[in-house]
$ cat upload-v7.cif   # mmCIF, C-alpha atoms
data_run
#
loop_
_atom_site.label_atom_id
_atom_site.label_comp_id
_atom_site.auth_asym_id
_atom_site.auth_seq_id
_atom_site.Cartn_x
_atom_site.Cartn_y
_atom_site.Cartn_z
CA MET A 1 5.82 -22.19 -42.29
CA THR A 2 8.05 -24.25 -44.57
CA GLN A 3 6.80 -27.33 -46.41
CA ASP A 4 8.94 -29.52 -44.10
CA ASN A 5 7.41 -27.98 -41.00
CA ARG A 6 3.91 -28.41 -42.40
CA HIS A 7 4.71 -32.06 -43.05
CA LEU A 8 6.02 -32.56 -39.52
CA LYS A 9 2.99 -30.85 -37.98
CA GLN A 10 0.62 -33.03 -40.00
CA GLN A 11 2.57 -36.15 -39.06
CA LEU A 12 2.37 -35.31 -35.36
CA LEU A 13 -1.34 -34.58 -35.64
CA ASP A 14 -1.88 -37.94 -37.37
CA GLU A 15 0.02 -39.68 -34.58
CA ALA A 16 -2.08 -37.89 -31.97
CA ARG A 17 -5.29 -38.93 -33.73
CA GLY A 18 -4.00 -42.50 -33.78
CA ARG A 19 -3.45 -42.38 -30.02
CA ARG A 20 -6.96 -41.05 -29.50
CA ARG A 21 -8.40 -43.86 -31.61
CA THR A 22 -6.43 -46.39 -29.58
CA ARG A 23 -7.76 -44.93 -26.33
CA ALA A 24 -11.30 -45.01 -27.75
CA ARG A 25 -10.90 -48.70 -28.62
CA GLN A 26 -9.58 -49.36 -25.12
CA ALA A 27 -12.54 -47.56 -23.60
CA ALA A 28 -14.92 -49.67 -25.71
CA SER A 29 -13.21 -52.96 -24.83
CA PRO A 30 -14.72 -55.50 -22.45
CA ASP A 31 -12.24 -54.32 -19.81
CA ALA A 32 -13.57 -50.77 -19.89
CA PRO A 33 -15.46 -49.49 -16.78
CA GLN A 34 -19.07 -50.62 -16.81
CA ALA A 35 -22.07 -48.98 -15.19
CA GLY A 36 -22.48 -50.42 -11.74
CA GLY A 37 -18.89 -51.61 -11.42
CA GLY A 38 -16.49 -53.90 -13.26
CA ALA A 39 -12.87 -53.74 -14.37
CA VAL A 40 -11.15 -50.41 -15.05
CA ALA A 41 -9.26 -49.99 -18.32
CA GLU A 42 -5.51 -50.00 -17.66
CA HIS A 43 -4.89 -46.68 -19.45
CA LEU A 44 -7.14 -44.95 -16.89
CA THR A 45 -4.73 -45.95 -14.12
CA ARG A 46 -1.53 -44.73 -15.82
CA PHE A 47 -0.15 -41.20 -15.68
CA ASP A 48 1.58 -41.66 -19.02
CA SER A 49 -1.89 -42.08 -20.57
CA HIS A 50 -3.20 -38.83 -19.11
CA PRO A 51 -4.19 -36.34 -21.85
CA GLY A 52 -1.87 -33.71 -20.41
CA TYR A 53 1.14 -35.99 -20.54
CA GLN A 54 0.18 -37.12 -24.03
CA GLN A 55 0.16 -33.49 -25.19
CA LEU A 56 3.52 -32.86 -23.51
CA SER A 57 5.00 -35.93 -25.19
CA LEU A 58 3.76 -34.73 -28.56
CA MET A 59 5.39 -31.32 -28.07
CA ARG A 60 8.68 -32.89 -26.99
CA GLU A 61 8.71 -35.20 -29.98
CA GLY A 62 8.06 -32.29 -32.32
CA ALA A 63 10.96 -30.34 -30.80
CA ARG A 64 13.25 -33.38 -31.05
CA ARG A 65 12.49 -33.84 -34.75
CA LEU A 66 13.19 -30.17 -35.36
CA GLY A 67 16.52 -30.46 -33.56
CA LEU A 68 15.49 -28.01 -30.83
CA SER A 69 16.35 -28.07 -27.16
CA ASP A 70 13.67 -27.60 -24.50
CA PRO A 71 13.32 -23.79 -24.07
CA PHE A 72 11.85 -24.14 -20.58
CA PHE A 73 13.25 -24.64 -17.07
CA LYS A 74 16.64 -23.12 -17.89
CA ARG A 75 18.79 -23.10 -14.77
CA HIS A 76 20.12 -19.66 -13.84
CA ASP A 77 23.24 -19.68 -11.70
CA GLY A 78 22.47 -16.42 -9.91
CA ASN A 79 20.24 -13.37 -9.98
CA ALA A 80 18.45 -12.76 -13.28
CA GLY A 81 18.10 -9.20 -14.50
CA ALA A 82 19.14 -7.53 -17.75
CA THR A 83 21.89 -10.14 -17.86
CA THR A 84 22.13 -13.58 -16.35
CA VAL A 85 24.36 -16.66 -16.15
CA ILE A 86 22.86 -19.96 -17.29
CA GLU A 87 24.93 -23.08 -16.68
CA GLY A 88 28.13 -21.04 -16.53
CA ARG A 89 27.56 -18.88 -19.63
CA ASP A 90 26.71 -15.16 -19.73
CA TYR A 91 23.50 -14.13 -21.50
CA LEU A 92 21.58 -11.02 -22.34
CA ASN A 93 18.29 -11.72 -20.60
CA PHE A 94 14.83 -10.79 -21.85
CA ALA A 95 12.94 -13.42 -19.85
CA SER A 96 12.74 -11.85 -16.40
CA TYR A 97 10.09 -9.74 -14.66
CA ASN A 98 12.78 -7.92 -12.68
CA TYR A 99 11.50 -4.67 -14.19
CA LEU A 100 13.14 -2.14 -11.88
CA GLY A 101 16.22 -4.20 -11.05
CA PHE A 102 15.39 -4.56 -7.36
CA SER A 103 15.95 -8.32 -7.23
CA GLY A 104 19.64 -8.57 -6.48
CA ASP A 105 19.96 -4.95 -5.30
CA PRO A 106 22.33 -5.00 -2.26
CA ARG A 107 19.92 -2.92 -0.17
CA VAL A 108 17.05 -5.30 -0.90
CA ASN A 109 19.26 -8.30 -0.13
CA GLN A 110 20.28 -6.73 3.17
CA ALA A 111 16.65 -6.22 4.16
CA ALA A 112 16.05 -9.93 3.53
CA ARG A 113 19.08 -10.93 5.61
CA GLU A 114 18.04 -8.75 8.56
CA ALA A 115 14.49 -10.12 8.51
CA LEU A 116 15.80 -13.69 8.34
CA GLU A 117 18.07 -13.13 11.35
CA ARG A 118 15.27 -11.52 13.37
CA TYR A 119 12.29 -13.73 12.52
CA GLY A 120 13.76 -17.02 11.30
CA SER A 121 13.16 -18.77 7.98
CA SER A 122 9.43 -19.43 8.52
CA VAL A 123 6.62 -17.90 10.57
CA SER A 124 5.49 -21.51 11.03
CA ALA A 125 1.74 -20.95 11.10
CA SER A 126 -1.20 -19.27 9.48
CA ARG A 127 -1.10 -15.59 10.32
CA ILE A 128 -4.50 -15.65 12.00
CA VAL A 129 -3.29 -18.35 14.41
CA SER A 130 0.25 -17.45 15.43
CA GLY A 131 2.11 -16.56 12.25
CA GLU A 132 1.65 -12.79 12.35
CA ARG A 133 4.83 -10.68 12.43
CA PRO A 134 5.29 -6.87 12.40
CA ILE A 135 6.81 -7.03 8.91
CA HIS A 136 3.45 -8.22 7.51
CA ALA A 137 1.58 -5.12 8.68
CA GLU A 138 4.43 -2.87 7.52
CA LEU A 139 4.32 -4.35 4.02
CA GLU A 140 0.54 -4.20 3.75
CA GLY A 141 0.52 -0.63 5.04
CA ALA A 142 3.11 0.38 2.42
CA ILE A 143 1.04 -1.24 -0.36
CA ALA A 144 -2.11 0.56 0.83
CA GLU A 145 -0.19 3.84 0.94
CA ALA A 146 1.09 3.34 -2.60
CA TYR A 147 -2.49 2.94 -3.81
CA GLY A 148 -4.02 5.55 -1.52
CA VAL A 149 -6.60 3.08 -0.15
CA ASP A 150 -7.63 1.90 3.31
CA ASP A 151 -5.65 -1.32 3.60
CA ALA A 152 -4.11 -4.31 1.83
CA VAL A 153 -3.65 -8.02 2.51
CA ALA A 154 -0.67 -10.05 1.26
CA PHE A 155 -1.00 -13.70 0.18
CA VAL A 156 1.88 -16.18 -0.11
CA SER A 157 1.12 -16.85 -3.81
CA GLY A 158 0.17 -14.48 -6.61
CA HIS A 159 -1.87 -17.14 -8.39
CA ALA A 160 -3.65 -18.06 -5.15
CA THR A 161 -4.46 -14.39 -4.56
CA ASN A 162 -6.81 -14.32 -7.53
CA VAL A 163 -8.09 -17.85 -7.02
CA SER A 164 -8.98 -17.28 -3.38
CA THR A 165 -10.31 -13.74 -3.76
CA LEU A 166 -12.66 -14.47 -6.66
CA GLY A 167 -13.48 -17.91 -5.33
CA TYR A 168 -14.63 -16.49 -1.99
CA LEU A 169 -16.25 -13.15 -2.88
CA LEU A 170 -18.59 -14.42 -5.62
CA GLY A 171 -21.16 -17.21 -5.67
CA PRO A 172 -23.78 -18.99 -7.82
CA ARG A 173 -26.11 -15.97 -7.96
CA ASP A 174 -23.33 -13.69 -9.22
CA LEU A 175 -21.66 -12.88 -12.54
CA ILE A 176 -17.98 -12.47 -13.41
CA LEU A 177 -17.16 -10.65 -16.66
CA HIS A 178 -13.54 -10.74 -17.72
CA ASP A 179 -11.32 -9.73 -20.60
CA GLU A 180 -10.75 -12.73 -22.86
CA TYR A 181 -6.98 -12.46 -22.26
CA VAL A 182 -7.16 -12.33 -18.47
CA HIS A 183 -4.69 -14.48 -16.51
CA ASN A 184 -5.37 -18.14 -15.71
CA SER A 185 -5.54 -17.37 -11.99
CA ALA A 186 -8.65 -15.22 -12.50
CA LEU A 187 -10.28 -17.93 -14.61
CA VAL A 188 -9.62 -20.58 -11.96
CA GLY A 189 -10.97 -18.26 -9.26
CA ALA A 190 -14.10 -17.62 -11.30
CA GLN A 191 -14.64 -21.35 -11.79
CA LEU A 192 -14.15 -21.99 -8.08
CA SER A 193 -16.72 -19.33 -7.14
CA GLY A 194 -19.55 -21.05 -8.97
CA ALA A 195 -20.57 -17.71 -10.45
CA ARG A 196 -21.65 -17.40 -14.07
CA ARG A 197 -18.62 -16.43 -16.15
CA MET A 198 -18.55 -14.52 -19.45
CA ALA A 199 -15.58 -13.26 -21.47
CA PHE A 200 -15.67 -10.06 -23.50
CA ALA A 201 -13.45 -9.13 -26.45
CA HIS A 202 -9.98 -7.97 -25.49
CA ASN A 203 -9.82 -4.32 -24.41
CA ASP A 204 -13.33 -3.71 -25.76
CA PRO A 205 -15.42 -1.61 -23.32
CA ALA A 206 -18.35 -1.57 -25.76
CA ALA A 207 -18.51 -5.38 -25.74
CA LEU A 208 -18.51 -5.33 -21.93
CA ASP A 209 -21.21 -2.68 -21.85
CA ASP A 210 -23.39 -4.78 -24.14
CA LEU A 211 -23.01 -7.87 -21.96
CA LEU A 212 -23.93 -5.90 -18.85
CA ARG A 213 -26.91 -4.31 -20.54
CA ARG A 214 -28.27 -7.74 -21.45
CA HIS A 215 -27.36 -9.75 -18.36
CA ARG A 216 -26.90 -7.47 -15.32
CA PRO A 217 -30.55 -7.69 -14.11
CA GLN A 218 -30.31 -11.48 -13.81
CA PHE A 219 -27.59 -11.47 -11.13
CA GLU A 220 -26.91 -10.12 -7.67
CA ARG A 221 -23.23 -9.14 -7.48
CA VAL A 222 -21.29 -8.52 -10.69
CA LEU A 223 -17.50 -8.31 -10.94
CA ILE A 224 -15.51 -7.04 -13.95
CA VAL A 225 -11.91 -8.29 -14.15
CA ILE A 226 -9.25 -6.64 -16.33
CA GLU A 227 -5.46 -6.39 -16.22
CA GLY A 228 -3.34 -3.28 -15.94
CA LEU A 229 -0.83 -4.48 -18.53
CA TYR A 230 -1.37 -7.64 -20.56
CA SER A 231 1.79 -9.74 -20.50
CA MET A 232 1.21 -11.51 -23.82
CA ASP A 233 0.72 -8.37 -25.90
CA GLY A 234 2.09 -5.51 -23.81
CA ASP A 235 -1.08 -3.44 -24.19
CA LEU A 236 -3.39 -1.89 -21.61
CA PRO A 237 -7.10 -1.14 -21.06
CA GLU A 238 -8.70 2.29 -21.18
CA LEU A 239 -9.36 2.45 -17.44
CA PRO A 240 -11.66 5.53 -17.39
CA ARG A 241 -14.09 3.79 -19.77
CA PHE A 242 -14.23 0.69 -17.59
CA VAL A 243 -14.80 2.80 -14.46
CA GLU A 244 -17.71 4.61 -16.14
CA ILE A 245 -19.26 1.32 -17.27
CA LYS A 246 -18.99 -0.38 -13.89
CA ARG A 247 -20.63 2.62 -12.19
CA ARG A 248 -23.50 2.76 -14.61
CA HIS A 249 -24.22 -0.95 -14.22
CA GLN A 250 -23.54 -1.04 -10.45
CA ALA A 251 -20.75 -3.59 -10.67
CA TRP A 252 -17.39 -4.07 -8.99
CA LEU A 253 -14.18 -3.51 -10.97
CA MET A 254 -11.00 -5.50 -10.29
CA VAL A 255 -7.66 -4.61 -11.89
CA ASP A 256 -4.85 -7.18 -11.90
CA GLU A 257 -1.62 -5.15 -11.72
CA ALA A 258 0.82 -8.06 -11.82
CA HIS A 259 2.72 -6.46 -14.73
CA SER A 260 1.63 -2.82 -14.49
CA PHE A 261 2.70 -1.88 -10.95
CA GLY A 262 6.22 -0.46 -11.14
CA VAL A 263 5.88 -0.06 -14.90
CA LEU A 264 3.05 2.40 -15.64
CA GLY A 265 2.71 5.93 -14.33
CA GLU A 266 5.20 8.69 -13.61
CA HIS A 267 6.29 7.03 -10.36
CA GLY A 268 5.53 3.46 -11.43
CA LEU A 269 2.38 3.31 -9.31
CA GLY A 270 0.38 1.52 -11.96
CA LEU A 271 -2.63 1.90 -14.21
CA GLY A 272 -4.45 4.37 -11.96
CA GLU A 273 -1.50 6.77 -11.96
CA HIS A 274 -1.06 6.31 -15.71
CA TYR A 275 -4.60 7.56 -16.36
CA GLY A 276 -4.93 9.87 -13.37
CA VAL A 277 -7.87 7.82 -12.07
CA PRO A 278 -8.43 8.01 -8.27
CA SER A 279 -7.68 4.70 -6.59
CA HIS A 280 -11.11 4.45 -4.97
CA ASP A 281 -12.72 4.36 -8.43
CA VAL A 282 -11.47 0.76 -8.67
CA ASP A 283 -13.00 -1.62 -6.14
CA ILE A 284 -10.27 -4.26 -6.03
CA TRP A 285 -6.60 -3.67 -6.82
CA MET A 286 -4.62 -6.89 -7.19
CA GLY A 287 -0.91 -7.26 -7.74
CA THR A 288 2.06 -9.57 -7.29
CA LEU A 289 5.22 -9.16 -5.24
CA SER A 290 7.43 -11.29 -7.48
CA LYS A 291 8.05 -8.84 -10.30
CA THR A 292 8.77 -5.18 -9.58
CA LEU A 293 8.76 -5.80 -5.83
CA ALA A 294 11.48 -8.48 -5.77
CA GLY A 295 9.67 -10.91 -3.47
CA CYS A 296 7.02 -13.58 -3.86
CA GLY A 297 3.26 -13.63 -3.34
CA GLY A 298 0.34 -11.37 -4.15
CA TYR A 299 -1.83 -8.68 -2.61
CA ILE A 300 -5.31 -7.21 -2.64
CA ALA A 301 -5.72 -3.50 -1.86
CA GLY A 302 -8.94 -1.58 -1.34
CA CYS A 303 -11.49 -0.51 1.23
CA GLN A 304 -11.36 -1.81 4.81
CA PRO A 305 -14.43 -4.09 4.60
CA LEU A 306 -12.96 -5.83 1.53
CA VAL A 307 -9.58 -6.39 3.15
CA ASP A 308 -11.05 -7.51 6.49
CA THR A 309 -13.31 -10.00 4.73
CA LEU A 310 -10.39 -11.58 2.87
CA ARG A 311 -8.03 -11.47 5.86
CA TYR A 312 -10.45 -13.39 8.08
CA LEU A 313 -12.32 -15.59 5.60
CA ALA A 314 -10.52 -16.13 2.25
CA PRO A 315 -9.32 -19.78 2.30
CA GLY A 316 -6.07 -19.07 0.44
CA PHE A 317 -5.07 -16.67 3.22
CA LEU A 318 -6.79 -18.17 6.24
CA TYR A 319 -5.48 -21.72 5.75
CA SER A 320 -2.01 -20.89 4.36
CA VAL A 321 1.14 -20.30 6.33
CA GLY A 322 2.09 -16.64 6.61
CA MET A 323 4.60 -15.12 4.24
CA PRO A 324 8.18 -15.66 5.47
CA ALA A 325 9.70 -12.46 6.82
CA GLN A 326 12.67 -12.65 4.45
CA VAL A 327 10.19 -12.64 1.54
CA ALA A 328 8.10 -9.75 2.86
CA ALA A 329 11.09 -7.55 3.72
CA PRO A 330 12.51 -7.26 0.16
CA SER A 331 9.12 -6.14 -1.18
CA LEU A 332 8.80 -3.55 1.59
CA LYS A 333 12.29 -2.26 0.81
CA ALA A 334 11.55 -2.17 -2.93
CA LEU A 335 8.45 -0.04 -2.27
CA GLN A 336 10.57 2.39 -0.29
CA LEU A 337 13.22 2.56 -3.01
CA MET A 338 10.57 3.14 -5.69
CA ARG A 339 9.63 6.34 -3.87
CA GLN A 340 13.24 7.43 -3.51
CA GLU A 341 14.38 6.52 -7.04
CA PRO A 342 11.65 7.39 -9.57
CA GLN A 343 14.31 7.45 -12.28
CA ARG A 344 14.13 3.65 -12.42
CA ALA A 345 10.54 3.67 -13.68
CA ARG A 346 11.40 6.50 -16.06
CA ARG A 347 14.40 4.60 -17.44
CA LEU A 348 12.24 1.47 -17.88
CA ARG A 349 9.76 3.46 -19.96
CA GLU A 350 12.57 4.92 -22.08
CA ILE A 351 14.33 1.64 -22.85
CA SER A 352 11.02 -0.16 -23.48
CA ARG A 353 9.96 2.48 -25.95
CA TYR A 354 13.38 2.34 -27.59
CA PHE A 355 13.02 -1.43 -28.03
CA LEU A 356 9.56 -1.02 -29.55
CA ASP A 357 10.62 1.75 -31.94
CA GLN A 358 13.74 -0.10 -33.07
CA ALA A 359 11.85 -3.35 -33.57
CA ARG A 360 9.25 -1.63 -35.75
CA ARG A 361 11.96 0.19 -37.67
CA ARG A 362 13.42 -3.20 -38.55
CA GLY A 363 10.04 -4.35 -39.83
CA LEU A 364 9.20 -6.67 -36.92
CA ASP A 365 5.57 -7.29 -35.96
CA THR A 366 5.13 -6.10 -32.36
CA GLY A 367 1.36 -6.35 -32.33
CA HIS A 368 -0.45 -3.89 -30.05
CA SER A 369 2.39 -3.36 -27.55
CA ILE A 370 2.62 0.19 -26.19
CA GLY A 371 6.31 -0.28 -25.33
CA ALA A 372 6.04 -0.64 -21.56
CA ALA A 373 8.26 -3.49 -20.29
CA VAL A 374 6.61 -6.13 -22.53
CA VAL A 375 7.18 -6.28 -26.29
CA PRO A 376 6.26 -9.36 -28.35
CA VAL A 377 7.67 -10.13 -31.77
CA ILE A 378 4.94 -12.10 -33.55
CA LEU A 379 6.18 -14.78 -35.93
CA GLY A 380 3.04 -16.70 -36.86
CA SER A 381 4.42 -20.22 -36.39
CA SER A 382 5.28 -22.22 -33.29
CA PRO A 383 8.20 -24.08 -34.94
CA ARG A 384 9.59 -20.75 -36.17
CA ALA A 385 9.26 -19.13 -32.73
CA ALA A 386 10.89 -22.12 -31.02
CA GLY A 387 13.64 -22.25 -33.62
CA LEU A 388 14.51 -18.57 -33.33
CA SER A 389 14.51 -18.74 -29.53
CA HIS A 390 16.92 -21.66 -29.79
CA ALA A 391 19.16 -19.85 -32.28
CA LEU A 392 19.25 -16.67 -30.17
CA PHE A 393 20.12 -18.70 -27.08
CA GLU A 394 23.08 -20.21 -28.91
CA ARG A 395 24.21 -16.62 -29.56
CA GLY A 396 23.97 -15.58 -25.92
CA ILE A 397 20.48 -14.06 -25.89
CA ASN A 398 17.78 -15.54 -23.65
CA VAL A 399 14.19 -14.93 -24.78
CA GLN A 400 11.25 -17.30 -24.38
CA PRO A 401 8.98 -18.46 -27.21
CA ILE A 402 5.21 -18.43 -26.68
CA LEU A 403 3.73 -21.31 -28.63
CA HIS A 404 0.36 -22.85 -29.45
CA PRO A 405 -1.82 -23.62 -27.48
CA ALA A 406 -0.79 -20.76 -25.14
CA VAL A 407 -1.61 -18.47 -28.08
CA PRO A 408 -3.24 -19.20 -31.47
CA GLU A 409 -0.75 -20.72 -33.92
CA LYS A 410 -0.80 -17.60 -36.10
CA SER A 411 0.15 -15.54 -33.02
CA ALA A 412 3.18 -17.61 -31.92
CA ARG A 413 5.86 -15.20 -30.80
CA LEU A 414 9.00 -14.32 -28.94
CA ARG A 415 8.15 -12.31 -25.83
CA PHE A 416 10.72 -9.75 -24.67
CA PHE A 417 10.65 -8.41 -21.10
CA LEU A 418 12.64 -5.24 -20.52
CA SER A 419 14.45 -4.06 -17.40
CA CYS A 420 15.52 -0.54 -16.47
CA ASP A 421 19.07 -1.93 -16.55
CA HIS A 422 19.00 -2.86 -20.25
CA SER A 423 21.06 -0.60 -22.50
CA GLU A 424 20.36 0.65 -26.01
CA ALA A 425 23.45 -1.23 -27.22
CA GLN A 426 22.04 -4.49 -25.82
CA VAL A 427 18.71 -3.84 -27.52
CA ASP A 428 20.35 -3.07 -30.87
CA HIS A 429 22.55 -6.17 -30.66
CA THR A 430 19.54 -8.37 -29.89
CA LEU A 431 17.31 -6.99 -32.63
CA ASP A 432 20.10 -7.14 -35.22
CA ALA A 433 20.73 -10.79 -34.31
CA LEU A 434 17.02 -11.59 -34.58
CA VAL A 435 16.64 -9.92 -37.97
CA ALA A 436 19.73 -11.70 -39.30
CA LEU A 437 18.44 -15.08 -38.12
CA MET A 438 15.00 -14.46 -39.62
CA ALA A 439 16.65 -13.85 -42.99
CA GLU A 440 18.47 -17.18 -42.93
CA PRO A 441 16.89 -20.20 -44.66
CA VAL A 442 15.09 -22.51 -42.26
CA GLU A 443 16.77 -25.89 -41.90
CA ALA A 444 14.73 -29.01 -42.64
CA PRO A 445 13.60 -30.95 -39.57
CA ARG A 446 15.96 -33.62 -38.38
CA GLY A 447 14.59 -37.13 -38.22
#

$ encode --input "upload-v7.cif" --output "structure tokens"
Amino acid sequence: MTQDNRHLKQQLLDEARGRRRTRARQAASPDAPQAGGGAVAEHLTRFDSHPGYQQLSLMREGARRLGLSDPFFKRHDGNAGATTVIEGRDYLNFASYNYLGFSGDPRVNQAAREALERYGSSVSASRIVSGERPIHAELEGAIAEAYGVDDAVAFVSGHATNVSTLGYLLGPRDLILHDEYVHNSALVGAQLSGARRMAFAHNDPAALDDLLRRHRPQFERVLIVIEGLYSMDGDLPELPRFVEIKRRHQAWLMVDEAHSFGVLGEHGLGLGEHYGVPSHDVDIWMGTLSKTLAGCGGYIAGCQPLVDTLRYLAPGFLYSVGMPAQVAAPSLKALQLMRQEPQRARRLREISRYFLDQARRRGLDTGHSIGAAVVPVILGSSPRAAGLSHALFERGINVQPILHPAVPEKSARLRFFLSCDHSEAQVDHTLDALVALMAEPVEAPRG
């Protein structure tokens, strides 16, 4: 970090501390809420005084002083794959989860159109009431077949899938153990459940084993939650070790395959195929439909009692409208095409590995990425990551920065998502541009 950036960061921190002191004085004023009633301090009734908005304002001010545009909520004019159009300009795109290129595929689009014409734009009710359509059972059957398990249930939101599943299945007498890098949706679900929650060191089976050895006897049900492919670092867990540990301690194992299904394994069937682990060795398979499968929503796959329990009782399914047919149909078609065109998953593995190898050859820090769809370039400074994202965007390359507090400041990064449609020439052009920009002197912040 340059001296100017350090100065700006310290200045913003000082301003934030000043705001906190002001709020503390307001809270201590005669107008502050008193026990048993009384006036409410004005700042407690204003959204612009909310801590979240205060943090957002601080980030925006920092970006303004650095002369950076907001890297978020960029408006794409059409489908986003290996390339995209943003506000009329063509870009190389490394900020999409369209891993196998099925979003925008004419056959997938046609499936959506046919479903829309047949079933309308909404099923207009919870599925258990009157929102069930044949396309729902077809999709869930295809997911179950892909995993080789009894059944699956599809939710209208990927985030809500984890929240509702964990929130319903576990309770105050239970324990949830999760990788420290697990997705926010699993954390929210664990909090909702009321179960005791403990994190173990990232991808560390020994740390998990130690926690179970010390705490398992104190709880009834125990659930271990890991991901198939971690989207911040592009690394994966050693699934056979986790299966052995969960068996020995009589726990359930849940694998979140949001980023691993369609990416790992010879046919893209996920972490189980990658390691050759039978599907029934994992108790709960979770995944999303919005990435490889070109739709929207999430799913749980497993044994029949698990799926029936969630289908009839999980609040996020029971009390939500059913998935629109034109959203379910593209995912069903993508599953069929995955079977017919395994070369897509193979090409994704090849271009991802090429990106990783070329990045390392240029001396870039790619952390622990295995080169499977997700490759970070770690820069160690949020201003530097934001600045390089901005500079690349000006050169026609779209890649998102990941900044503190989403990651520790020293781990701030650019996060590249690969598609099977990316070419080696596009990768080389992008990495050459990044290396050239990193070699340029950093401009002083603009006041």

$ closest_residue --input "upload-v7.cif" --among "A:Ala111, A:Ala201, A:Val222, A:Cys420" --to "A:Thr292" --atoms "only C-alpha atoms"
A:Cys420

$ atom_distance --input "upload-v7.cif" --atom1 "atom CA of A:Glu341" --atom2 "atom CA of A:Leu269"
12.6 Å

$ resolve_selection --input "upload-v7.cif" --expression "the PyMOL selection byres ((chain A and resi 238) around 9)" --output "VMD selection string"
chain A and resid 203 to 205 236 to 237 239 to 242 275

$ residues_around --input "upload-v7.cif" --residues "A:Met254" --least-positions-apart "2" --cutoff "8 Å" --atoms "only C-alpha atoms" --output "list in words"
Leu223, Ile224, Val225, Ile226, Trp252, Asp256, Val282, Asp283, Ile284, Trp285 and Met286 of chain A

$ residues_around --input "upload-v7.cif" --residues "A:Cys303" --least-positions-apart "5" --cutoff "7 Å" --atoms "all atoms listed in the file" --output "mmCIF file with C-alpha atoms, keeping the file's coordinate frame"
data_model
loop_
_atom_site.group_PDB
_atom_site.id
_atom_site.type_symbol
_atom_site.label_atom_id
_atom_site.label_comp_id
_atom_site.auth_asym_id
_atom_site.auth_seq_id
_atom_site.Cartn_x
_atom_site.Cartn_y
_atom_site.Cartn_z
ATOM 1 C CA VAL A 149 -6.600 3.080 -0.150
ATOM 2 C CA ASP A 150 -7.630 1.900 3.310
ATOM 3 C CA ASP A 151 -5.650 -1.320 3.600
#

$ closest_residue --input "upload-v7.cif" --among "A:Val40, A:Ala325, A:Gly101, A:Ala433" --to "A:Arg113" --atoms "all atoms listed in the file"
A:Ala325

$ atom_distance --input "upload-v7.cif" --atom1 "atom CA of A:Arg247" --atom2 "atom CA of A:Gly276"
17.3 Å

$ closest_residue --input "upload-v7.cif" --among "A:Ile86, A:Ala206, A:Met438, A:Leu348" --to "A:Ile378" --atoms "all atoms listed in the file"
A:Met438

$ closest_residue --input "upload-v7.cif" --among "A:Ser69, A:Thr309, A:Ser185, A:Asn98" --to "A:Glu394" --atoms "all atoms listed in the file"
A:Ser69

$ closest_residue --input "upload-v7.cif" --among "A:Ser352, A:Ser130, A:Gln54, A:Ser419" --to "A:Gly322" --atoms "all atoms listed in the file"
A:Ser130

$ residues_around --input "upload-v7.cif" --residues "A:Ile176" --least-positions-apart "5" --cutoff "12 Å" --atoms "all atoms listed in the file" --output "short mmCIF file (atom, residue, chain, number, x, y, z; two decimals) with C-alpha atoms, in the frame of the given file"
data_model
loop_
_atom_site.label_atom_id
_atom_site.label_comp_id
_atom_site.auth_asym_id
_atom_site.auth_seq_id
_atom_site.Cartn_x
_atom_site.Cartn_y
_atom_site.Cartn_z
CA LEU A 166 -12.66 -14.47 -6.66
CA GLY A 167 -13.48 -17.91 -5.33
CA LEU A 169 -16.25 -13.15 -2.88
CA LEU A 170 -18.59 -14.42 -5.62
CA GLY A 171 -21.16 -17.21 -5.67
CA VAL A 182 -7.16 -12.33 -18.47
CA ALA A 186 -8.65 -15.22 -12.50
CA LEU A 187 -10.28 -17.93 -14.61
CA VAL A 188 -9.62 -20.58 -11.96
CA GLY A 189 -10.97 -18.26 -9.26
CA ALA A 190 -14.10 -17.62 -11.30
CA GLN A 191 -14.64 -21.35 -11.79
CA LEU A 192 -14.15 -21.99 -8.08
CA SER A 193 -16.72 -19.33 -7.14
CA GLY A 194 -19.55 -21.05 -8.97
CA ALA A 195 -20.57 -17.71 -10.45
CA ARG A 196 -21.65 -17.40 -14.07
CA ARG A 197 -18.62 -16.43 -16.15
CA MET A 198 -18.55 -14.52 -19.45
CA ALA A 199 -15.58 -13.26 -21.47
CA PHE A 200 -15.67 -10.06 -23.50
CA LEU A 208 -18.51 -5.33 -21.93
CA LEU A 211 -23.01 -7.87 -21.96
CA LEU A 212 -23.93 -5.90 -18.85
CA HIS A 215 -27.36 -9.75 -18.36
CA ARG A 216 -26.90 -7.47 -15.32
CA PHE A 219 -27.59 -11.47 -11.13
CA GLU A 220 -26.91 -10.12 -7.67
CA ARG A 221 -23.23 -9.14 -7.48
CA VAL A 222 -21.29 -8.52 -10.69
CA LEU A 223 -17.50 -8.31 -10.94
CA ILE A 224 -15.51 -7.04 -13.95
CA VAL A 225 -11.91 -8.29 -14.15
CA ILE A 226 -9.25 -6.64 -16.33
CA ALA A 251 -20.75 -3.59 -10.67
CA TRP A 252 -17.39 -4.07 -8.99
CA LEU A 253 -14.18 -3.51 -10.97
CA MET A 254 -11.00 -5.50 -10.29
#

$ resolve_selection --input "upload-v7.cif" --expression "the PyMOL selection byres ((chain A and resi 259) around 12)" --output "ChimeraX atom specification"
/A:96-100,158,183,227-236,255-258,260-264,268-271,286-293,298,372-374,417-418

$ closest_residue --input "upload-v7.cif" --among "A:Leu414, A:Ile402, A:Val321, A:Ile397" --to "A:Arg89" --atoms "only C-alpha atoms"
A:Ile397

$ atom_distance --input "upload-v7.cif" --atom1 "atom CA of A:Arg107" --atom2 "atom CA of A:Lys333"
7.7 Å
